[in-house]
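Participant: For reference, the structure I am asking about is given below.
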Amino acid sequence: MKTSSTKLVATGILLHLVLAMSYGAPLFSEHEQQVEALLGRMTLDEKIGQMVQADSGALKDKADVQKYFLGSVLSGGNSDPAAGNTARDWLEFSTSFQSYALKTRLKIPLLYGIDAVHGHNNIDGATIFPHHIALGATHDARLVEQAEHVTAQEVAGTGIRWAFAPCVAVVQDERWGRTYEGYSDNTALVTKLGVAAVKGLQGDTLSPAPDSVLACAKHYIGDGGTTNGVDQGNTLCDEATLRRIYLPPYAAAVRAGVGSIMVSYSSWNGVKMHANKFLLTDVLKNELGFRGFLVSDWAAIDQLSPDYKRDIEQSINAGLDMIMIPNGPGQPNNYVDFITQLKKLVAEGKVPMARIDDAVRRILRIKFQMGLFESTATDPALTAAIGAPEHRSIARQCVRESLVLLQNKKRALPLAKTIKHLAVVGTADDLGAQCGGWTINWQGAHGNVTHGGTTLLAAIRQTVSPGTKITFSADGSDLPKADAVIVVVSEAPYAEMKGDREDLDLSGEDLDLIAKAHATGAPVITIILSGRPMILRSALADSDAIVAGWLPGTEGLGLTDVLFGDYPFTGKLPRVWPASNTHLRSGDTSEKPLFPFGYGLTR
Ligand code: GLC
C-alpha cells in the first residue's frame with residue numbers, strides 16, 4: 001500500500017519529537033523551522049564541525065575554520081592575537097576567523113568565545129571590574145547586571161559575542177584557587193547575582209542586539225564543593241545536598257534563558273561531570289528544560305580516559321554539545337582527531353545520529369536567536385566605548401560597594417582629605433595585584449598590566465588636598481612617623497589550580513609590615529587585596545582599621561571614595577571569614593568564624 005507523503009512527514013515529525021525528548025531537546029522555539037530546515041541540508045561533516053570549539057592558538061591556519069566547518073573559536077587565557085592586544089587587534093582577529101566560517105557552503109556563522117570574567121579582561125585598555133567575590137560583597141543584583149551589560153558592550157566591541165561567565169560556583173572552601181571567581185558560599189546570593197549577570201550579558205533575552213552577548217553559566221556542577229577545595233577535585237555529597245547547595249543557580253539561570261552552560265572538570269562522588277549523563281541530560285536538559293547548549297571545559301574530555309575516542313563517545317552521549325579543543329594538527333587530541341573519531345563513532349552506531357542532531361540543533365538555535373545569520377557585524381560605537389569613562393564609573397561604583405570594613409578602632413576611618421602627612425606602604429601602586437588573575441594573561445601579573453587603570457596610590461594622590469604630604473614605600477623601608485599609615489597587603493595574582501593553597505595566613509612579610517607601621521604609633525589602616533578571606537593573625541591587633549578590598553580591578557578611585565569618606569562603607573561579607581586555618585578543613589564547623597556571612601561595619 002502506497003503511504004502518502006503527508007503520513008511520512010507526520011511520522012518524521014513524531015519521530016523527531018520522541019528522539020528529541022530522549023536527549024532533552026526542547027520541543028519548540030521561535031526558530032525551530034529555520035533550525036530544522038538548515039539541519040536537513042547539513043552533511044555529517046558540517047554537523048560535527050558545529051560541535052567543535054577550537055582555541056585560536058591551535059588554529060595556525062585560520063582556513064581550517066572553513067575546511068572543517070568549525071562552529072566556534074575561543075581565545076583561552078593566553079591565546080592573544082599575534083598583532084597585539086588592543087581592541088582593534090582583537091576585532092580584526094575575531095573577524096578574520098568569522099570570514100572563513102562565512103565562506104563555507106552553508107555560511108553558518110561562527111560563535112567566538114572568551115573568558116570575560118571581570119570585564120573584557122584579555123584586552124588592553126578594557127574596563128576591569130572587581131572579581132566576582134567583590135561583587136558578592138555588594139549584594140547588589142542591579143549593579144551586577146549593569147556591570148555585566150558594560151562587559152557585554154566591551155566584548156561585543158571586539159567582534160566577540162560569547163562570554164564564559166558568570167561562574168556560579170557556590171564556593172565552600174576558601175583554599176580553592178577559584179574562590180574569587182565565585183560570588184559567595186551562600187546559594188541564595190550566588191543564585192541572585194548569577195541571574196543578574198546572565199541578564200546583564202544577554203539582555204532580558206538573548207537577541208540579535210549588537211550588545212547581546214551569549215552568557216555561559218559555569219562550571220556545572222559542584223566545582224566549588226570539592227574536598228579541601230582542590231581544583232578539579234571530587235565533590236562528595238548525596239543528591240539532596242547537591243540539589244540544595246549547587247543546583248539552584250543553574251535552575252535560575254535556565255529560567256533566565258542562559259544560552260550556554262560550561263561543564264565542570266570536577267567529579268561528583270567519583271564520576272567525572274563530563275561523563276555524567278544523569279546530571280547533564282536527565283537533570284539539566286530534561287528536568288530543568290535547559291534549551292541552550294553544553295560546552296566542555298578546556299581539554300576536559302581528555303581527562304576521562306587514556307583513549308580519546310572513548311572520551312568523545314562518553315562525553316557526547318552524556319549530553320555535551322560542543323567540545324573545547326585547545327590542540328591543533330601535530331598535537332595529541334586535536335580538533336581534526338576529534339572530527340575523525342566522532343565520525344567513526346557515528347558510523348559504528350556508538351553515538352546515535354539523534355544525539356548529533358540534538359547537539360547541532362541546540363547550537364544552531366542559539367545562533368539564530370542571536371541573529372548571527374543576518375549579521376555578524378560589530379557596531380563601531382561599541383568598539384569606541386571600550387574603557388570609556390562612563391564604563392569605568394560603573395566599575396568604580398562596584399569597587400565602592402564591595403569594600404567591607406572589618407575593624408575600625410578609634411574611628412581611624414574615614415581619613416580626612418586634609419590630612420597633613422600620610423604614609424603608604426605595601427602593594428599600593430600595583431595594578432596587577434589589584435586586578436588579580438584572568439587579567440591580560442591567564443594568571444595575571446604584578447605591575448602595570450593594562451592601560452587606563454588607576455592604582456590605589458594614584459587614587460590617593462588625586463584625592464588628598466594639595467597640602468598633604470604622601471610618603472610611599474613599597475617595602476616599608478622608608479616609614480616615617482606620619483598622621484596615619486595605609487598598609488596594603490595582597491595575594492600574588494593567580495588563577496585556577498595555581499591558587500590552591502593549604503593555608504591562608506597573611507605572609508610573615510605582610511604581618512611584619514603591619515607591625516612596623518603599628519610601631520610608629522600612627523593609626524594603621526590595613527587594606528587586604530585578595531581573592532578570598534585571609535587569616536589575619538597579628539594584623540588584627542596591629543591594625544586600627546582593616547578593609548577587605550578583594551580584587552578591585554582598574555578603578556582605584558573606588559577605594560579612595562570610601563577611605564576618605566565621600567561614600568559610606570556598605571559592603572557585607574559574601575562568605576564566612578575564618579579565624580584560623582582550622583576552620584578551613586572542609587566540614588569542620590567546630591571553630592567559630594572570625595566574621596560571619598553578611599558582616600560589615602558602616603563606620
Ligand atoms: C579554563 C577554565 C574555564 C575557562 C576555560 C577557557 O580551564 O576552567 O573557566 O572558561 O578554560 O579558558
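We name chains A, B, ... following the order of the C-alpha cells; residues begin at 1 in each chain, and ligands are numbered from 1 as shown.
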Set out as JSON lines a contact list for chain A and ligand 1 with a cut-off of 6 Å, giving each residue of chain A that qualifies its closest atom pair and distance in Å to one decimal, counting only C-alpha atoms and all ligand atoms, ordered by chain and rising residue number.
Facilitator:
{"residue": "A:Gly76", "atom": "CA", "partner": "ligand 1", "partner_atom_place_in_ligand_line": "12 (O)", "distance": 3.9}
{"residue": "A:Gly77", "atom": "CA", "partner": "ligand 1", "partner_atom_place_in_ligand_line": "12 (O)", "distance": 5.2}
{"residue": "A:Asp115", "atom": "CA", "partner": "ligand 1", "partner_atom_place_in_ligand_line": "10 (O)", "distance": 5.4}
{"residue": "A:Phe164", "atom": "CA", "partner": "ligand 1", "partner_atom_place_in_ligand_line": "10 (O)", "distance": 5.2}
{"residue": "A:Asp297", "atom": "CA", "partner": "ligand 1", "partner_atom_place_in_ligand_line": "5 (C)", "distance": 5.4}
{"residue": "A:Trp298", "atom": "CA", "partner": "ligand 1", "partner_atom_place_in_ligand_line": "11 (O)", "distance": 4.5}
Participant: Using DSSP secondary structure from the backbone, list all strand (DSSP E) positions within range 170-251 of chain A, as a JSON list (two decimals) with N, CA, C and O atoms, in the first residue's frame.
Facilitator:
[["chain", "number", "residue", "atom", "x", "y", "z"],
["A", 216, "CYS", "N", 27.38, 32.20, 29.79],
["A", 216, "CYS", "CA", 27.77, 30.79, 29.96],
["A", 216, "CYS", "C", 27.91, 30.50, 31.44],
["A", 216, "CYS", "O", 28.95, 30.77, 32.05],
["A", 217, "ALA", "N", 26.84, 29.99, 32.04],
["A", 217, "ALA", "CA", 26.89, 29.67, 33.48],
["A", 217, "ALA", "C", 27.88, 28.52, 33.66],
["A", 217, "ALA", "O", 27.85, 27.54, 32.90],
["A", 218, "LYS", "N", 28.78, 28.67, 34.66],
["A", 218, "LYS", "CA", 29.81, 27.64, 34.80],
["A", 218, "LYS", "C", 30.22, 27.48, 36.24],
["A", 218, "LYS", "O", 29.91, 28.38, 37.04],
["A", 219, "HIS", "N", 30.83, 26.33, 36.66],
["A", 219, "HIS", "CA", 31.06, 25.12, 35.88],
["A", 219, "HIS", "C", 30.16, 24.06, 36.48],
["A", 219, "HIS", "O", 30.25, 23.78, 37.68],
["A", 220, "TYR", "N", 29.31, 23.57, 35.65],
["A", 220, "TYR", "CA", 28.26, 22.64, 36.09],
["A", 220, "TYR", "C", 28.83, 21.26, 36.38],
["A", 220, "TYR", "O", 29.43, 20.65, 35.49],
["A", 234, "ASN", "N", 37.01, 16.32, 43.68],
["A", 234, "ASN", "CA", 35.82, 15.48, 43.80],
["A", 234, "ASN", "C", 34.87, 16.06, 44.83],
["A", 234, "ASN", "O", 35.26, 16.33, 45.97],
["A", 235, "THR", "N", 33.63, 16.28, 44.44],
["A", 235, "THR", "CA", 32.60, 16.78, 45.35],
["A", 235, "THR", "C", 31.83, 15.59, 45.89],
["A", 235, "THR", "O", 31.17, 14.88, 45.13]]
Participant: Rounded to one decimal in Å, what is the spacing between CA of Gly71 in chain A and CA of Pro109 in chain A?
Facilitator: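 Here the two named atoms are 7.3 Å from each other.
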Participant: May I have the residues within 8 Å of Pro568 in chain A as a VMD selection string, using only C-alpha atoms and disregarding those fewer than 3 positions away in the same chain?
Facilitator: chain A and resid 562 565 602 to 603
Participant: Please produce a file of those selected residues containing N, CA and C atoms, as a short mmCIF file (atom, residue, chain, number, x, y, z; two decimals), in the first residue's frame.
Facilitator:
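To be explicit, this is the file written out as part.cif:
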data_model
loop_
_atom_site.label_atom_id
_atom_site.label_comp_id
_atom_site.auth_asym_id
_atom_site.auth_seq_id
_atom_site.Cartn_x
_atom_site.Cartn_y
_atom_site.Cartn_z
N VAL A 562 35.70 55.78 49.42
CA VAL A 562 35.19 55.32 50.72
C VAL A 562 36.21 55.58 51.82
N GLY A 565 35.83 59.06 52.88
CA GLY A 565 34.53 59.47 53.38
C GLY A 565 33.55 60.05 52.40
N THR A 602 29.77 49.87 59.19
CA THR A 602 29.47 51.03 58.33
C THR A 602 30.30 52.25 58.73
N ARG A 603 30.91 52.14 59.96
CA ARG A 603 31.76 53.29 60.35
C ARG A 603 32.73 52.87 61.42
#
Participant: Please provide as an MDAnalysis selection string all residues within 6 Å of range 359-374 of chain A, with the sequence filter that same-chain residues fewer than 2 positions apart are discarded (counting only C-alpha atoms).
Facilitator: chainID A and resid 207:208 292:293 321 356:357 376
Participant: Write out as a list in words each polymer residue whose atoms come within 6 Å of range 464-472 of chain A, counting only C-alpha atoms; drop sequence neighbours fewer than 4 positions from it.
Facilitator: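 Residues near the query, excluding close chain neighbours: Lys417, Thr418, Ile419, Lys420, His421, Leu422, Ala423, Val424 and Val425 of chain A.
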Participant: Restricted to all heavy atoms, what would the selected residues look like written as a short mmCIF file (atom, residue, chain, number, x, y, z; two decimals), in the first residue's frame?
Facilitator:
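Below is the file that was written, out24.cif:
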data_model
loop_
_atom_site.label_atom_id
_atom_site.label_comp_id
_atom_site.auth_asym_id
_atom_site.auth_seq_id
_atom_site.Cartn_x
_atom_site.Cartn_y
_atom_site.Cartn_z
N LYS A 417 40.69 64.34 53.96
CA LYS A 417 41.45 64.66 52.75
C LYS A 417 42.54 65.69 53.03
O LYS A 417 43.53 65.81 52.31
CB LYS A 417 40.50 65.21 51.67
CG LYS A 417 39.53 64.18 51.13
CD LYS A 417 38.60 64.79 50.10
CE LYS A 417 37.56 63.79 49.64
NZ LYS A 417 36.63 64.36 48.63
N THR A 418 42.35 66.40 54.17
CA THR A 418 43.32 67.45 54.51
C THR A 418 44.40 66.93 55.44
O THR A 418 45.14 67.72 56.02
CB THR A 418 42.57 68.62 55.20
OG1 THR A 418 41.83 68.06 56.32
CG2 THR A 418 41.60 69.29 54.23
N ILE A 419 44.47 65.61 55.57
CA ILE A 419 45.50 65.04 56.46
C ILE A 419 46.86 65.63 56.10
O ILE A 419 47.18 65.81 54.91
CB ILE A 419 45.49 63.50 56.34
CG1 ILE A 419 46.44 62.86 57.36
CG2 ILE A 419 45.79 63.05 54.93
CD1 ILE A 419 46.29 61.35 57.48
N LYS A 420 47.65 65.94 57.10
CA LYS A 420 48.93 66.63 56.84
C LYS A 420 49.96 65.69 56.22
O LYS A 420 50.60 65.99 55.21
CB LYS A 420 49.46 67.20 58.17
CG LYS A 420 48.79 68.50 58.57
CD LYS A 420 49.45 69.70 57.85
CE LYS A 420 48.70 70.98 58.14
NZ LYS A 420 47.67 71.23 57.06
N HIS A 421 50.13 64.50 56.86
CA HIS A 421 51.17 63.58 56.39
C HIS A 421 50.62 62.16 56.39
O HIS A 421 50.24 61.63 57.43
CB HIS A 421 52.41 63.68 57.28
CG HIS A 421 53.57 62.85 56.76
ND1 HIS A 421 54.76 62.73 57.44
CD2 HIS A 421 53.70 62.10 55.64
CE1 HIS A 421 55.58 61.94 56.76
NE2 HIS A 421 54.95 61.55 55.66
N LEU A 422 50.58 61.56 55.24
CA LEU A 422 50.04 60.19 55.10
C LEU A 422 51.15 59.29 54.56
O LEU A 422 51.75 59.58 53.53
CB LEU A 422 48.86 60.17 54.13
CG LEU A 422 48.23 58.81 53.81
CD1 LEU A 422 47.66 58.15 55.07
CD2 LEU A 422 47.13 58.97 52.75
N ALA A 423 51.44 58.23 55.32
CA ALA A 423 52.40 57.24 54.83
C ALA A 423 51.63 56.11 54.17
O ALA A 423 50.56 55.74 54.64
CB ALA A 423 53.23 56.70 55.99
N VAL A 424 52.17 55.61 53.08
CA VAL A 424 51.55 54.48 52.37
C VAL A 424 52.62 53.44 52.11
O VAL A 424 53.71 53.77 51.59
CB VAL A 424 50.93 54.93 51.02
CG1 VAL A 424 50.25 53.75 50.33
CG2 VAL A 424 49.94 56.08 51.23
N VAL A 425 52.37 52.18 52.51
CA VAL A 425 53.35 51.11 52.27
C VAL A 425 52.66 49.87 51.70
O VAL A 425 51.42 49.76 51.79
CB VAL A 425 54.07 50.72 53.58
CG1 VAL A 425 54.90 51.88 54.12
CG2 VAL A 425 53.08 50.23 54.62
#
Participant: Pick from A:Leu74, A:Leu513, A:Ala251, A:Val213: nearest to Asn327 in chain A, with only C-alpha atoms counted?
Facilitator: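 For Asn327 in chain A, the nearest of the given residues is A:Leu74.
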Participant: Would you write out, as a tab-separated table, a table of all residues in range 81-165 of chain A that have an atom no more than 9 Å from an atom of range 42-52 of chain A, listing for each the closest atom pair and the distance in Å to one decimal, considering only C-alpha atoms and ordering rows by chain and rising residue number?
Facilitator:
residue	atom	partner	partner_atom	distance
A:Leu106	CA	A:Met42	CA	8.0
A:Ile108	CA	A:Gln50	CA	8.7
A:Leu110	CA	A:Gln50	CA	8.7
Participant: DSSP on the backbone, alpha helix (DSSP H) only: what residues of range 94-319 of chain A does that give? Format it as JSON, numbers by chain.
Facilitator: {"A": [94, 95, 96, 97, 98, 99, 100, 101, 132, 133, 134, 135, 136, 137, 138, 141, 142, 143, 144, 145, 146, 147, 148, 149, 150, 151, 152, 153, 154, 155, 156, 187, 188, 189, 190, 191, 192, 193, 194, 195, 196, 197, 198, 199, 200, 201, 202, 239, 240, 241, 248, 249, 250, 251, 252, 253, 254, 255, 277, 308, 309, 310, 311, 312, 313, 314, 315, 316, 317, 318]}
